[in-house]
$ cat protein-v4.cif   # mmCIF, C-alpha atoms
data_model
#
loop_
_atom_site.label_atom_id
_atom_site.label_comp_id
_atom_site.auth_asym_id
_atom_site.auth_seq_id
_atom_site.Cartn_x
_atom_site.Cartn_y
_atom_site.Cartn_z
CA MET B 282 0.00 0.00 0.00
CA THR B 283 1.32 3.41 -0.91
CA VAL B 284 0.67 6.05 1.70
CA PRO B 285 1.08 9.68 0.67
CA LEU B 286 3.66 11.44 2.80
CA ALA B 287 1.10 14.05 3.72
CA ALA B 288 -0.99 11.37 5.38
CA ARG B 289 1.83 10.29 7.67
CA SER B 290 2.65 11.67 11.04
CA THR B 291 5.31 10.64 13.49
CA VAL B 292 4.29 10.34 17.09
CA MET B 293 6.65 8.87 19.64
CA GLY B 294 8.93 7.89 16.79
CA SER B 295 6.43 5.59 15.12
CA ASP B 296 4.63 6.26 11.87
CA SER B 297 0.90 6.48 12.38
CA LEU B 298 -1.88 7.06 9.94
CA MET B 299 -3.97 9.93 11.17
CA SER B 300 -5.38 11.07 7.84
CA SER B 301 -8.87 9.94 8.65
CA PHE B 302 -9.21 11.68 11.98
CA VAL B 303 -12.03 14.21 11.80
CA LEU B 304 -13.30 15.95 14.91
CA HIS B 305 -16.91 15.04 15.70
CA PRO B 306 -19.18 17.94 14.64
CA GLN B 307 -20.76 18.18 18.09
CA LEU B 308 -17.33 18.78 19.64
CA SER B 309 -16.62 21.36 16.93
CA ARG B 310 -19.81 23.19 17.83
CA ASP B 311 -19.41 23.08 21.60
CA CYS B 312 -15.68 23.77 21.85
CA VAL B 313 -12.86 26.05 20.74
CA HIS B 314 -9.59 24.64 19.42
CA VAL B 315 -6.76 25.43 21.82
CA GLY B 316 -4.10 23.49 19.94
CA ASP B 317 -2.72 20.01 19.32
CA LEU B 318 -0.72 18.08 21.87
CA PRO B 319 1.46 15.26 20.50
CA LEU B 320 -1.51 12.85 20.52
CA SER B 321 -4.62 14.83 21.35
CA ARG B 322 -6.51 17.74 19.96
CA LEU B 323 -6.98 20.06 22.93
CA LEU B 324 -10.31 21.87 23.11
CA LEU B 325 -11.80 24.37 25.51
CA LEU B 326 -15.48 23.81 26.16
CA ASN B 327 -17.28 27.07 25.52
CA ASP B 328 -18.90 27.31 28.94
CA SER B 329 -17.60 30.22 30.96
CA ARG B 330 -18.87 28.73 34.22
CA TYR B 331 -16.19 26.04 34.41
CA PRO B 332 -12.54 25.83 33.30
CA TRP B 333 -13.17 22.80 31.10
CA LEU B 334 -10.82 21.12 28.63
CA VAL B 335 -11.55 18.24 26.29
CA LEU B 336 -8.79 16.02 24.87
CA VAL B 337 -9.52 14.07 21.70
CA PRO B 338 -6.86 11.58 20.58
CA ARG B 339 -6.28 12.16 16.85
CA ARG B 340 -7.11 8.59 15.95
CA ALA B 341 -9.98 7.55 13.72
CA ASP B 342 -12.78 5.25 14.83
CA VAL B 343 -11.90 4.97 18.51
CA THR B 344 -14.75 4.94 20.99
CA GLU B 345 -13.46 3.26 24.14
CA LEU B 346 -10.24 3.84 26.07
CA PHE B 347 -9.39 0.15 25.83
CA GLU B 348 -9.35 0.34 22.04
CA LEU B 349 -6.26 2.55 22.12
CA GLY B 350 -2.90 0.80 21.84
CA PRO B 351 -0.70 0.82 24.96
CA GLY B 352 1.50 3.69 23.70
CA ASP B 353 -1.45 5.93 22.84
CA ARG B 354 -3.18 5.04 26.08
CA SER B 355 -0.24 6.04 28.15
CA MET B 356 0.28 9.23 26.14
CA LEU B 357 -3.37 10.19 26.51
CA LEU B 358 -3.16 9.77 30.27
CA ASP B 359 0.03 11.83 30.44
CA GLU B 360 -1.55 14.61 28.38
CA THR B 361 -4.70 14.44 30.52
CA CYS B 362 -2.71 14.71 33.73
CA GLN B 363 -0.56 17.53 32.43
CA ALA B 364 -3.51 19.51 31.07
CA GLY B 365 -5.44 18.98 34.29
CA GLU B 366 -2.63 20.03 36.57
CA ARG B 367 -1.98 23.18 34.53
CA LEU B 368 -5.70 24.01 34.31
CA LEU B 369 -6.05 23.83 38.07
CA HIS B 370 -2.94 25.94 38.50
CA LEU B 371 -3.97 28.59 35.96
CA CYS B 372 -7.68 28.85 36.61
CA GLY B 373 -8.02 27.68 40.21
CA GLY B 374 -10.43 25.15 41.60
CA ASP B 375 -10.80 22.59 44.36
CA LYS B 376 -10.95 19.32 42.43
CA LEU B 377 -10.44 18.00 38.94
CA ASN B 378 -13.18 15.95 37.37
CA VAL B 379 -11.89 13.67 34.63
CA GLY B 380 -14.31 11.65 32.55
CA ALA B 381 -14.66 9.72 29.30
CA LEU B 382 -18.38 9.19 28.78
CA GLY B 383 -19.40 9.33 25.13
CA ASN B 384 -23.07 8.44 25.51
CA LEU B 385 -23.98 11.18 23.04
CA VAL B 386 -20.71 11.70 21.12
CA PRO B 387 -19.09 8.32 20.48
CA GLN B 388 -15.69 9.67 19.37
CA LEU B 389 -13.31 9.05 22.28
CA HIS B 390 -12.81 12.28 24.22
CA VAL B 391 -11.73 13.02 27.77
CA HIS B 392 -13.19 15.84 29.80
CA VAL B 393 -10.97 17.61 32.32
CA VAL B 394 -12.88 20.09 34.44
CA ALA B 395 -11.62 22.26 37.29
CA ARG B 396 -14.43 22.20 39.81
CA SER B 397 -14.96 24.63 42.65
CA ALA B 398 -17.11 24.15 45.71
CA GLY B 399 -20.15 26.26 44.98
CA ASP B 400 -19.98 26.15 41.17
CA PRO B 401 -23.41 25.70 39.54
CA ALA B 402 -23.31 21.90 39.44
CA TRP B 403 -21.31 21.29 42.64
CA PRO B 404 -21.00 18.62 44.00
CA GLY B 405 -22.78 16.82 41.17
CA PRO B 406 -21.29 16.17 37.74
CA VAL B 407 -21.19 18.93 35.12
CA TRP B 408 -22.36 16.63 32.35
CA GLY B 409 -26.03 17.09 31.56
CA HIS B 410 -26.47 19.65 34.33
CA SER B 411 -27.59 22.71 32.41
CA ALA B 412 -27.02 24.64 29.21
CA ALA B 413 -23.58 26.17 28.68
CA ARG B 414 -23.01 29.87 29.17
CA PRO B 415 -20.58 30.84 26.39
CA TYR B 416 -17.55 33.06 27.04
CA ASP B 417 -17.61 36.66 25.95
CA GLU B 418 -15.05 37.40 23.26
CA GLN B 419 -12.43 39.04 25.48
CA THR B 420 -12.55 36.43 28.22
CA LEU B 421 -12.30 33.65 25.66
CA SER B 422 -9.35 35.30 23.98
CA ASP B 423 -7.59 35.79 27.34
CA ARG B 424 -8.18 32.22 28.40
CA LEU B 425 -6.91 30.81 25.10
CA ALA B 426 -3.77 32.96 25.33
CA LEU B 427 -3.18 31.80 28.90
CA LEU B 428 -3.57 28.13 28.03
CA ARG B 429 -1.52 28.32 24.84
CA GLY B 430 1.31 30.17 26.54
CA ASP B 431 1.40 27.75 29.43
CA LEU B 432 1.05 24.52 27.44
CA ALA B 433 3.62 25.44 24.80
CA GLY B 434 6.14 23.71 27.07
CA ALA B 435 4.04 20.54 26.88
CA GLY B 436 4.43 20.45 23.11
CA LEU B 437 1.19 22.25 22.26
CA ASP B 438 1.00 23.35 18.62
CA GLU B 439 -1.37 26.24 18.09
CA PRO B 440 -3.94 25.91 15.32
CA MET K 109 14.11 5.14 58.57
CA THR K 110 13.35 1.56 59.42
CA VAL K 111 10.38 0.13 57.62
CA PRO K 112 8.85 -3.07 58.97
CA LEU K 113 8.80 -5.84 56.38
CA ALA K 114 5.06 -6.21 56.80
CA ALA K 115 4.59 -2.65 55.60
CA ARG K 116 6.38 -3.29 52.33
CA SER K 117 4.84 -4.49 49.14
CA THR K 118 6.39 -5.00 45.76
CA VAL K 119 4.49 -3.72 42.77
CA MET K 120 6.14 -3.72 39.37
CA GLY K 121 9.37 -4.74 41.04
CA SER K 122 9.69 -1.59 43.15
CA ASP K 123 9.24 -1.37 46.88
CA SER K 124 6.29 0.78 47.82
CA LEU K 125 4.85 1.75 51.14
CA MET K 126 1.19 0.90 51.23
CA SER K 127 0.80 0.51 54.97
CA SER K 128 -1.25 3.63 55.33
CA PHE K 129 -3.81 2.93 52.61
CA VAL K 130 -7.26 2.74 54.15
CA LEU K 131 -10.36 2.62 51.97
CA HIS K 132 -12.54 5.70 52.43
CA PRO K 133 -15.54 4.79 54.63
CA GLN K 134 -18.02 6.06 52.05
CA LEU K 135 -16.62 3.66 49.45
CA SER K 136 -16.77 0.87 52.05
CA ARG K 137 -20.43 1.61 52.62
CA ASP K 138 -21.45 1.94 48.98
CA CYS K 139 -19.42 -0.91 47.48
CA VAL K 140 -18.53 -4.58 47.81
CA HIS K 141 -14.90 -5.73 47.66
CA VAL K 142 -14.32 -7.81 44.52
CA GLY K 143 -10.60 -8.26 45.05
CA ASP K 144 -7.23 -6.57 44.65
CA LEU K 145 -5.55 -5.99 41.31
CA PRO K 146 -1.79 -5.38 41.40
CA LEU K 147 -2.32 -1.67 42.13
CA SER K 148 -6.00 -1.11 42.76
CA ARG K 149 -8.65 -2.32 45.12
CA LEU K 150 -11.49 -3.41 42.85
CA LEU K 151 -14.99 -2.67 44.14
CA LEU K 152 -18.47 -3.32 42.80
CA LEU K 153 -20.88 -0.48 43.46
CA ASN K 154 -23.93 -1.92 45.14
CA ASP K 155 -26.42 -0.63 42.59
CA SER K 156 -28.11 -3.40 40.65
CA ARG K 157 -29.22 -1.02 37.89
CA TYR K 158 -25.73 -0.62 36.40
CA PRO K 159 -22.70 -2.90 36.07
CA TRP K 160 -20.42 -0.50 37.94
CA LEU K 161 -16.87 -1.04 39.13
CA VAL K 162 -14.70 1.30 41.16
CA LEU K 163 -10.89 1.08 41.18
CA VAL K 164 -9.02 2.59 44.10
CA PRO K 165 -5.21 2.69 43.83
CA ARG K 166 -3.85 1.36 47.13
CA ARG K 167 -1.83 4.50 47.78
CA ALA K 168 -2.32 6.80 50.74
CA ASP K 169 -3.22 10.47 50.42
CA VAL K 170 -3.75 10.63 46.66
CA THR K 171 -6.61 12.77 45.40
CA GLU K 172 -5.79 13.68 41.81
CA LEU K 173 -4.64 11.46 38.94
CA PHE K 174 -1.64 13.71 38.35
CA GLU K 175 -0.37 13.03 41.88
CA LEU K 176 0.33 9.40 40.98
CA GLY K 177 3.85 8.57 39.80
CA PRO K 178 4.23 7.59 36.13
CA GLY K 179 4.37 3.85 36.87
CA ASP K 180 1.25 3.89 39.03
CA ARG K 181 -0.55 6.10 36.54
CA SER K 182 0.09 3.75 33.71
CA MET K 183 -0.83 0.72 35.80
CA LEU K 184 -4.09 2.34 36.91
CA LEU K 185 -5.02 3.03 33.31
CA ASP K 186 -4.20 -0.53 32.29
CA GLU K 187 -6.29 -1.93 35.14
CA THR K 188 -9.12 0.47 34.27
CA CYS K 189 -9.09 -0.57 30.62
CA GLN K 190 -8.92 -4.26 31.42
CA ALA K 191 -11.70 -4.09 34.02
CA GLY K 192 -13.86 -2.04 31.68
CA GLU K 193 -13.43 -4.31 28.70
CA ARG K 194 -14.23 -7.39 30.77
CA LEU K 195 -17.21 -5.71 32.44
CA LEU K 196 -18.70 -4.84 29.07
CA HIS K 197 -18.05 -8.36 27.83
CA LEU K 198 -19.50 -10.07 30.90
CA CYS K 199 -22.47 -7.84 31.67
CA GLY K 200 -23.26 -6.26 28.33
CA GLY K 201 -23.82 -2.60 27.54
CA ASP K 202 -23.43 -0.04 24.80
CA LYS K 203 -20.79 2.29 26.19
CA LEU K 204 -18.36 2.50 29.05
CA ASN K 205 -18.37 5.58 31.20
CA VAL K 206 -15.06 6.14 32.97
CA GLY K 207 -14.70 8.92 35.49
CA ALA K 208 -12.57 10.19 38.35
CA LEU K 209 -14.59 12.87 40.10
CA GLY K 210 -14.06 12.91 43.85
CA ASN K 211 -16.16 15.96 44.70
CA LEU K 212 -17.62 14.10 47.67
CA VAL K 213 -15.00 11.40 48.35
CA PRO K 214 -11.53 12.87 47.90
CA GLN K 215 -9.65 9.54 47.89
CA LEU K 216 -8.67 8.92 44.25
CA HIS K 217 -11.05 6.39 42.74
CA VAL K 218 -12.05 5.62 39.16
CA HIS K 219 -15.59 4.67 38.18
CA VAL K 220 -16.08 2.23 35.30
CA VAL K 221 -19.72 1.84 34.38
CA ALA K 222 -21.26 -0.24 31.58
CA ARG K 223 -24.04 1.93 30.25
CA SER K 224 -26.99 0.77 28.15
CA ALA K 225 -29.24 2.92 26.04
CA GLY K 226 -32.42 3.12 28.10
CA ASP K 227 -30.86 2.58 31.52
CA PRO K 228 -32.35 4.86 34.21
CA ALA K 229 -29.84 7.70 33.77
CA TRP K 230 -29.24 7.33 30.00
CA PRO K 231 -27.84 9.35 28.26
CA GLY K 232 -26.89 11.49 31.27
CA PRO K 233 -24.23 10.57 33.82
CA VAL K 234 -24.94 8.06 36.58
CA TRP K 235 -23.30 10.18 39.26
CA GLY K 236 -25.82 12.02 41.37
CA HIS K 237 -28.74 10.73 39.30
CA SER K 238 -30.76 8.83 41.89
CA ALA K 239 -30.44 6.58 44.91
CA ALA K 240 -28.83 3.18 44.37
CA ARG K 241 -30.97 0.04 44.23
CA PRO K 242 -28.89 -2.60 46.04
CA TYR K 243 -28.44 -6.11 44.64
CA ASP K 244 -30.36 -8.98 46.15
CA GLU K 245 -28.10 -11.52 47.83
CA GLN K 246 -28.14 -14.12 45.07
CA THR K 247 -27.55 -11.69 42.20
CA LEU K 248 -24.70 -10.07 44.10
CA SER K 249 -23.11 -13.41 44.82
CA ASP K 250 -23.43 -14.45 41.15
CA ARG K 251 -21.96 -11.21 39.88
CA LEU K 252 -19.02 -11.37 42.28
CA ALA K 253 -18.29 -14.96 41.24
CA LEU K 254 -18.45 -13.98 37.57
CA LEU K 255 -16.07 -11.04 38.00
CA ARG K 256 -13.65 -12.91 40.24
CA GLY K 257 -13.48 -15.87 37.91
CA ASP K 258 -12.93 -13.72 34.88
CA LEU K 259 -10.42 -11.29 36.40
CA ALA K 260 -8.29 -13.97 38.05
CA GLY K 261 -6.29 -13.93 34.82
CA ALA K 262 -5.66 -10.21 35.29
CA GLY K 263 -3.99 -10.88 38.64
CA LEU K 264 -7.02 -10.33 40.83
CA ASP K 265 -6.54 -11.53 44.40
CA GLU K 266 -9.79 -12.32 46.12
CA PRO K 267 -10.33 -10.82 49.56
#
$ encode --input "protein-v4.cif" --output "structure tokens"
Amino acid sequence: MTVPLAARSTVMGSDSLMSSFVLHPQLSRDCVHVGDLPLSRLLLLNDSRYPWLVLVPRRADVTELFELGPGDRSMLLDETCQAGERLLHLCGGDKLNVGALGNLVPQLHVHVVARSAGDPAWPGPVWGHSAARPYDEQTLSDRLALLRGDLAGAGLDEP
Amino acid sequence: MTVPLAARSTVMGSDSLMSSFVLHPQLSRDCVHVGDLPLSRLLLLNDSRYPWLVLVPRRADVTELFELGPGDRSMLLDETCQAGERLLHLCGGDKLNVGALGNLVPQLHVHVVARSAGDPAWPGPVWGHSAARPYDEQTLSDRLALLRGDLAGAGLDEP
């Protein structure tokens, strides 16, 4: 099989086909693209009430965590931990909530949310709680700049 | 520092202190002990409406995923994936929900729930949805036997 060079990408030193990765349209609608980590597309959920990131491994047709190969799995967890720790540091909060649900959007994606005692859904989960309250333009722009600046050291490529 | 031999345990070939791990009382109340995987205590949430496992790394004073060392982190993810895949295989379901929340119980624990379209909380999250409906004695005993038999190959030690 001939694979066009443009369809190849090297991650962790191994060639991987990522040409068929397309972000699920629901995630495109609900989120803003922060950048790409070595494995995952990093998104900010457009809900100003919670500092809320979503990591989507750039692999096609993956729904469950256990479907990822061991290398990807470990990289996803590292990126999740790093993003979560930085989010909590940058935006504050009392507890991270990390979840891979996918009942509505089957494409594998991991939520990382900095929760604060007293936030609208506290202590319940944020998923399904209430409609998002989008960021205003300036706050969104500031938050993106903050995240991009901070995560550049983690290998974040800006879009 | 002198460490009594009884307080040592070897996991992945490295000595680790686990003497001070004590399961959070809320998890003790809500769950049944299935057994111990190499890193995690494996629990079954006593709610007959959902096949629902909880993994608790046997490490003291850990609240966030990012506080685990790289070896533990990777092992926890492997155990989570393995438990989830087997749970889905054994009990059926359409989608796994995996989550580490901890808003109410700070001890790090990972939920692995086999969700089915049409289950009581579908498609919302199970957390905080409604009060648990405990298993009857026979169903609980059958489910524990099923899980223990199946996960013996994954290194599960029965309690």
$ interface_residues --input "protein-v4.cif" --of "chain B" --to "chain K" --cutoff "8 Å" --atoms "all atoms listed in the file" --output "PDB file with C-alpha atoms, in the coordinates of the input"
ATOM      1  CA  GLU B 345     -13.460   3.260  24.140  1.00  0.00           C
ATOM      2  CA  LEU B 346     -10.240   3.840  26.070  1.00  0.00           C
ATOM      3  CA  PHE B 347      -9.390   0.150  25.830  1.00  0.00           C
ATOM      4  CA  ARG B 354      -3.180   5.040  26.080  1.00  0.00           C
ATOM      5  CA  SER B 355      -0.240   6.040  28.150  1.00  0.00           C
ATOM      6  CA  LEU B 358      -3.160   9.770  30.270  1.00  0.00           C
ATOM      7  CA  CYS B 362      -2.710  14.710  33.730  1.00  0.00           C
ATOM      8  CA  GLN B 363      -0.560  17.530  32.430  1.00  0.00           C
ATOM      9  CA  GLY B 365      -5.440  18.980  34.290  1.00  0.00           C
ATOM     10  CA  GLU B 366      -2.630  20.030  36.570  1.00  0.00           C
ATOM     11  CA  LYS B 376     -10.950  19.320  42.430  1.00  0.00           C
ATOM     12  CA  LEU B 377     -10.440  18.000  38.940  1.00  0.00           C
ATOM     13  CA  ASN B 378     -13.180  15.950  37.370  1.00  0.00           C
ATOM     14  CA  VAL B 379     -11.890  13.670  34.630  1.00  0.00           C
ATOM     15  CA  GLY B 380     -14.310  11.650  32.550  1.00  0.00           C
ATOM     16  CA  ALA B 381     -14.660   9.720  29.300  1.00  0.00           C
ATOM     17  CA  LEU B 382     -18.380   9.190  28.780  1.00  0.00           C
ATOM     18  CA  GLY B 383     -19.400   9.330  25.130  1.00  0.00           C
ATOM     19  CA  ASN B 384     -23.070   8.440  25.510  1.00  0.00           C
ATOM     20  CA  LEU B 385     -23.980  11.180  23.040  1.00  0.00           C
ATOM     21  CA  TRP B 403     -21.310  21.290  42.640  1.00  0.00           C
ATOM     22  CA  PRO B 404     -21.000  18.620  44.000  1.00  0.00           C
ATOM     23  CA  GLY B 405     -22.780  16.820  41.170  1.00  0.00           C
ATOM     24  CA  PRO B 406     -21.290  16.170  37.740  1.00  0.00           C
ATOM     25  CA  TRP B 408     -22.360  16.630  32.350  1.00  0.00           C
ATOM     26  CA  GLY B 409     -26.030  17.090  31.560  1.00  0.00           C
TER      27      GLY B 409
END
$ resolve_selection --input "protein-v4.cif" --expression "the PyMOL selection byres ((chain B and resi 322) around 9)" --output "VMD selection string"
chain B and resid 304 314 to 321 323 to 324 335 to 339
$ resolve_selection --input "protein-v4.cif" --expression "the PyMOL selection byres ((chain K and resi 153) around 7)" --output "VMD selection string"
chain K and resid 138 to 140 151 to 152 154 to 155 160 to 162
$ resolve_selection --input "protein-v4.cif" --expression "the PyMOL selection byres ((chain B and resi 424) around 10)" --output "PyMOL selection string"
chain B and resi 315+325+329+332+371-372+416+419-423+425-430
$ atom_distance --input "protein-v4.cif" --atom1 "atom CA of B:Ala402" --atom2 "atom CA of B:Gly374"
13.5 Å
$ closest_residue --input "protein-v4.cif" --among "B:Tyr331, B:Val343, B:Ser301, B:Ala412" --to "B:Val386" --atoms "all atoms listed in the file"
B:Val343
$ atom_distance --input "protein-v4.cif" --atom1 "atom CA of B:Asp342" --atom2 "atom CA of B:His390"
11.7 Å
$ atom_distance --input "protein-v4.cif" --atom1 "atom CA of K:Gly200" --atom2 "atom CA of K:Ala222"
7.1 Å
$ axis_aligned_box --input "protein-v4.cif" --around "stretch 244-263 of chain K" --padding-each-side "5 Å" --output "lines of an AutoDock Vina configuration file"
center_x = -17.2
center_y = -12.4
center_z = 41.3
size_x = 36.4
size_y = 16.9
size_z = 23.0
